[in-house]
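Trainee: Provided herewith is a single structure, encoded as structure tokens, for subsequent inquiry.
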Amino acid sequence: MATAHSPTTTTTTKATQSAQEDTAAAPDTVPAVDVAGAAPVRHPLRWLSVLVLAVLAAQLGHFLVTNPNFEWSTVGGYFGAQVIGEGIATTIELTVVAMLIGIVGGVLVAVGRMSENRVLSAVCGAYVWFFRGIPVLVQLVFWYNLSALLPRISFGVPFGPEFIGGQTNSLITPLLAAILGLGLNEAAYMAEIVRGGLLGVDQGQTEAAAALGMGRARILRRVVLPQAMRFIVPPTGSQVINMMKATSLVSVIALADLLYTVQSIYNRTFETIPLLIVACLWYLVMTSVLYVGQSFIERYYARGATRNAPQGFWDFAFFRRRAAPFPAARERSTPSTPEKETR
Amino acid sequence: MIKDALATDAPADPVDPATAGPPLVVAHDVHKRFGHLEVLRGIDLEVRAGEVVVLLGPSGSGKSTFLRCINHLEQIDAGSIHVGGRLIGYRRSGSRVHHLRPREVTRQRRDIGMVFQHFNLFPHLTVLSNVMEAPVGVLRTPKAEARETALALLERVGLSDKASAYPRQLSGGQQQRVAIARALAMRPELMLFDEPTSALDPELVGEVLATMRDLARDGLTMLVVTHEIGFAKEVADRVVFMDGGRVLESGTPREVLDHPTHERTRAFLGRFL
Ligand SMILES: Nc1ncnc2c1ncn2[C@@H]1O[C@H](COP(=O)(O)OP(=O)(O)OP(=O)(O)O)[C@@H](O)[C@H]1O
Ligand SMILES: [Mg+2]
């Protein structure tokens, strides 16, 4: 028994002894060390990954230059063409108008949903449920074909005389169908974003404003909304970019946006790939511009959000992830700020 | 007569019923419940114009709730609160009592300032804009005039140099002093303070209390919930001790703080020795 035990005992003792030596050696006198000029930690794996990426990039470049199917000269020819410009104009117009409807509608639906009036709140909830629940492509096609459901549209006293009216087919043009489809759908998403933002503002803010004798509308406009903006603007930025891309769906209802324009050209000339590349490039240009604009607006609404003085724009635009200008926005979990689902 | 006046005007007992104003706040048998929890069970309290009343009591005794009822941030269930002769939150017509419209409640709050434990400054506005917001937006004071008043108030709370800072760039004590200036900008006839120093680091408490002492000296009517017994002793005209949603005792600081008659009051004060 004793022999069986002895080896373990010795090892433990040795381990304890060495540990004691270590601790004993440390504290008595601290050697003079200067950490200035310390050798950095080496990252061989990092260098390896850079090498791999460089090889891949070279391969991609080679592919882009040598594959004749890209027809770069054709791309160049169409890139500045006027028809393409008109398609772009339609795309931008659609994005702006649909987004405006979405934002205004979203604020109204969000405020309605948070209202003390139960009926109004339920109706607004139903709106969000309905328009978020149906794919936007289906909604677009539905608006486009509204005349099959309602041959005539008229406005007037309910069940009474009509003021104006007309054939649905002439009233709902492809453009209007597109605006309604995209805008009403967007309002449902924006409503959730705005509601999340409003809920993210501390209750104490409303109370302090009320105690100062401010009315409900003024509190919303001057105190709550400006603070909610910090939570609302970043997701709204991605909504705008999503909207710009979602406008390409309107090509199915024969509205001459950027995608529909290039499609109608390559259907004639069969220069499919170069024309699609033209569309890709323009979409990238437009979304890049939006991205820069978004950072301007975010910076504006970050006033007073942190103790640090506001950063310069370029720092902000390019290093924002590292600089983390919105700590408060991340600390708080806003209840529902949905990322837009695939459209 | 003169002898009497001198006798009542003894030092450290500044309440002088002869010179104290008419009642500004009259709370009568105020009841308030949250669901099944009865938080206020018949509060009777009067605050005279120019008086400083300190409200003491253990946690959960309903001090904050009572304060919030006075400017109708909470709605009372029974009884009545009058401020400056106006019935708060309700309107009497004949034998019936009606709820006021939100707009009318909002109007009543203009004359009642409130200072919160957590300051609740508007973080997106500069200090100056915080102070100017309500006078400009609610009272329609011209901007230039509101600005002048705001700067004067900031000077008074010792923060003229912070006018263009944002609240989050200030210390807690500075923020609370801005909050006081913001409330004063509406020229309230009554100021409510709900534990104004409880969220502050000990070394910042003094500056806020000094500001409040200043206001008391100028004759502002103040109803203060605080655990600062020293402040109560020095500044209060009257101390009210609340427990379990009732007023247990009320009197001069000397009476309530030094010679409490109730066992509960003694137990509560014992914790501060
Ligand atoms: N909005 C509310 N809903 C439900 N219960 C509440 C609400 N506000 C306060 N209460 C309850 O009412 C009671 C009294 O609260 P109140 O805040 O008035 O106490 P207090 O005397 O101010 O305490 P403290 O010294 O801790 O601030 C507590 O039990 C509290 O939980
Ligand atoms: Mg309290």
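We label chains A, B, ... in the order they appear in the structure tokens, count residues from 1 in each chain, and number ligands from 1 in the order shown.
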Find the residues near segment 217-229 of chain A: any atom within 8 Å, counting only C-alpha atoms, skip ones fewer than 2 places away on the same chain, and give them as number ranges by chain.
Mentor: A: 194, 197-201, 205-206, 209-210, 214-215, 231-233, 301; B: 122-124
Trainee: Export, as a short mmCIF file (atom, residue, chain, number, x, y, z; two decimals), in the first residue's frame, the selected residues with N, CA and C atoms.
Mentor:
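Produced file result_3.cif, reproduced below:
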data_model
loop_
_atom_site.label_atom_id
_atom_site.label_comp_id
_atom_site.auth_asym_id
_atom_site.auth_seq_id
_atom_site.Cartn_x
_atom_site.Cartn_y
_atom_site.Cartn_z
N VAL A 194 -39.87 52.88 -35.59
CA VAL A 194 -40.19 54.10 -34.83
C VAL A 194 -40.69 53.73 -33.44
N GLY A 197 -37.91 52.85 -31.27
CA GLY A 197 -37.17 54.05 -30.89
C GLY A 197 -37.88 54.83 -29.78
N LEU A 198 -39.20 54.97 -29.92
CA LEU A 198 -39.95 55.72 -28.91
C LEU A 198 -39.89 55.01 -27.56
N LEU A 199 -39.98 53.69 -27.59
CA LEU A 199 -39.93 52.93 -26.34
C LEU A 199 -38.54 52.99 -25.72
N GLY A 200 -37.54 53.26 -26.55
CA GLY A 200 -36.17 53.30 -26.05
C GLY A 200 -35.87 54.56 -25.25
N VAL A 201 -36.75 55.57 -25.32
CA VAL A 201 -36.51 56.82 -24.60
C VAL A 201 -37.05 56.68 -23.18
N GLN A 205 -37.99 61.19 -19.10
CA GLN A 205 -37.96 62.33 -20.01
C GLN A 205 -39.35 62.89 -20.20
N THR A 206 -40.31 61.99 -20.44
CA THR A 206 -41.70 62.42 -20.62
C THR A 206 -42.21 63.07 -19.35
N ALA A 209 -40.75 66.55 -18.82
CA ALA A 209 -41.36 67.51 -19.75
C ALA A 209 -42.78 67.83 -19.31
N ALA A 210 -43.52 66.81 -18.89
CA ALA A 210 -44.90 67.03 -18.44
C ALA A 210 -44.90 67.93 -17.21
N MET A 214 -45.45 70.95 -20.41
CA MET A 214 -45.49 70.73 -21.85
C MET A 214 -46.62 69.76 -22.18
N GLY A 215 -47.32 70.02 -23.29
CA GLY A 215 -48.42 69.15 -23.70
C GLY A 215 -47.91 67.91 -24.40
N PHE A 231 -32.10 55.96 -32.10
CA PHE A 231 -32.39 54.54 -32.29
C PHE A 231 -33.02 54.30 -33.66
N ILE A 232 -33.67 55.34 -34.21
CA ILE A 232 -34.44 55.17 -35.44
C ILE A 232 -33.57 55.32 -36.68
N VAL A 233 -32.63 56.27 -36.64
CA VAL A 233 -31.89 56.59 -37.87
C VAL A 233 -31.04 55.43 -38.41
N TYR A 301 -27.72 63.33 -35.07
CA TYR A 301 -28.59 62.92 -33.98
C TYR A 301 -27.82 62.34 -32.80
N PHE B 122 -32.86 66.98 -20.54
CA PHE B 122 -33.02 66.52 -21.92
C PHE B 122 -31.62 66.39 -22.54
N PRO B 123 -31.16 65.18 -22.78
CA PRO B 123 -29.75 64.99 -23.15
C PRO B 123 -29.40 65.51 -24.54
N HIS B 124 -30.43 65.71 -25.39
CA HIS B 124 -30.13 66.16 -26.76
C HIS B 124 -30.08 67.68 -26.85
#
Trainee: Find the nearest atom pair between each residue of chain B and ligand 2 for residues within 8 Å, count only C-alpha atoms and all ligand atoms, give distances in Å to one decimal, sort rows by chain and ascending number, and present the table as CSV.
Mentor:
residue,atom,partner,partner_atom_place_in_ligand_line,distance
B:Ser59,CA,ligand 2,1 (Mg),6.9
B:Gly60,CA,ligand 2,1 (Mg),7.1
B:Gly62,CA,ligand 2,1 (Mg),7.1
B:Lys63,CA,ligand 2,1 (Mg),5.7
B:Ser64,CA,ligand 2,1 (Mg),4.1
B:Thr65,CA,ligand 2,1 (Mg),7.1
B:Asp194,CA,ligand 2,1 (Mg),6.5
B:Glu195,CA,ligand 2,1 (Mg),6.8
B:Val225,CA,ligand 2,1 (Mg),7.7
Trainee: Quick one: DSSP strand (DSSP E or B) residues in segment 71-241 of chain B, as number ranges by chain?
Mentor: B: 78-83, 86-87, 90-93, 96-99, 112-115, 190-194, 222-225, 238-241
Trainee: If I take atom CA of Val239 of chain B and atom CA of Gly204 of chain A, how far is one from the other in Å, to one decimal?
Mentor: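 Distance between the two atoms: 27.4 Å.
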Trainee: Segment 108-122 of chain A: which residues within 9 Å, counting only C-alpha atoms, same-chain residues fewer than 4 positions away excluded, as a CSV table (one decimal) with N, CA and C atoms, in the first residue's frame?
Mentor:
chain,number,residue,atom,x,y,z
A,103,ILE,N,-41.9,56.6,-44.1
A,103,ILE,CA,-41.5,57.2,-42.9
A,103,ILE,C,-42.7,58.0,-42.2
A,104,VAL,N,-43.4,58.8,-43.0
A,104,VAL,CA,-44.6,59.5,-42.5
A,104,VAL,C,-45.6,58.5,-42.0
A,126,ALA,N,-52.9,45.8,-36.5
A,126,ALA,CA,-53.4,45.0,-37.7
A,126,ALA,C,-52.7,45.4,-39.0
A,127,TYR,N,-52.5,46.7,-39.1
A,127,TYR,CA,-51.8,47.2,-40.3
A,127,TYR,C,-50.4,46.6,-40.4
A,128,VAL,N,-49.7,46.7,-39.3
A,128,VAL,CA,-48.3,46.1,-39.4
A,128,VAL,C,-48.3,44.6,-39.7
A,187,ALA,N,-44.1,51.4,-44.7
A,187,ALA,CA,-44.7,52.1,-43.5
A,187,ALA,C,-44.8,51.1,-42.4
A,188,ALA,N,-45.2,49.8,-42.7
A,188,ALA,CA,-45.3,48.8,-41.7
A,188,ALA,C,-44.0,48.5,-41.0
A,190,MET,N,-41.3,50.6,-41.0
A,190,MET,CA,-40.9,51.8,-40.3
A,190,MET,C,-41.7,52.0,-39.0
A,191,ALA,N,-42.9,51.6,-39.0
A,191,ALA,CA,-43.7,51.7,-37.7
A,191,ALA,C,-43.1,51.0,-36.6
A,192,GLU,N,-42.6,49.8,-36.9
A,192,GLU,CA,-41.9,49.0,-35.9
A,192,GLU,C,-40.6,49.6,-35.4
A,193,ILE,N,-39.9,50.2,-36.4
A,193,ILE,CA,-38.6,50.8,-36.1
A,193,ILE,C,-38.9,52.1,-35.2
A,194,VAL,N,-39.9,52.9,-35.6
A,194,VAL,CA,-40.2,54.1,-34.8
A,194,VAL,C,-40.7,53.7,-33.4
A,195,ARG,N,-41.5,52.7,-33.4
A,195,ARG,CA,-42.1,52.3,-32.0
A,195,ARG,C,-40.9,51.9,-31.1
A,196,GLY,N,-40.0,51.1,-31.7
A,196,GLY,CA,-38.9,50.7,-30.9
A,196,GLY,C,-38.1,51.9,-30.4
A,198,LEU,N,-39.2,55.0,-29.9
A,198,LEU,CA,-40.0,55.7,-28.9
A,198,LEU,C,-39.9,55.0,-27.6
Trainee: Pick out the closest residue to ligand 1 from this set: A:Ala279, A:Val97, A:Gln203, A:Val136. Count only C-alpha atoms and all ligand atoms.
Mentor: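 Counting only C-alpha atoms and all ligand atoms, the residue closest to ligand 1 is A:Gln203.
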Trainee: What residues in chain B have any atom no more than 10 Å from chain A when counting only C-alpha atoms, and can you write them as a PyMOL selection string?
Mentor: chain B and resi 68+71-73+102-116+118-126+133-135+137-139+165-170+179+182-186+188
Trainee: Select the residues contacting ligand 1 at a distance of at most 10 Å, based on only C-alpha atoms and all ligand atoms, then format the selection as a PyMOL selection string.
Mentor: chain B and resi 32-40+55-69+74+117+194-195+198+225-227+242-245
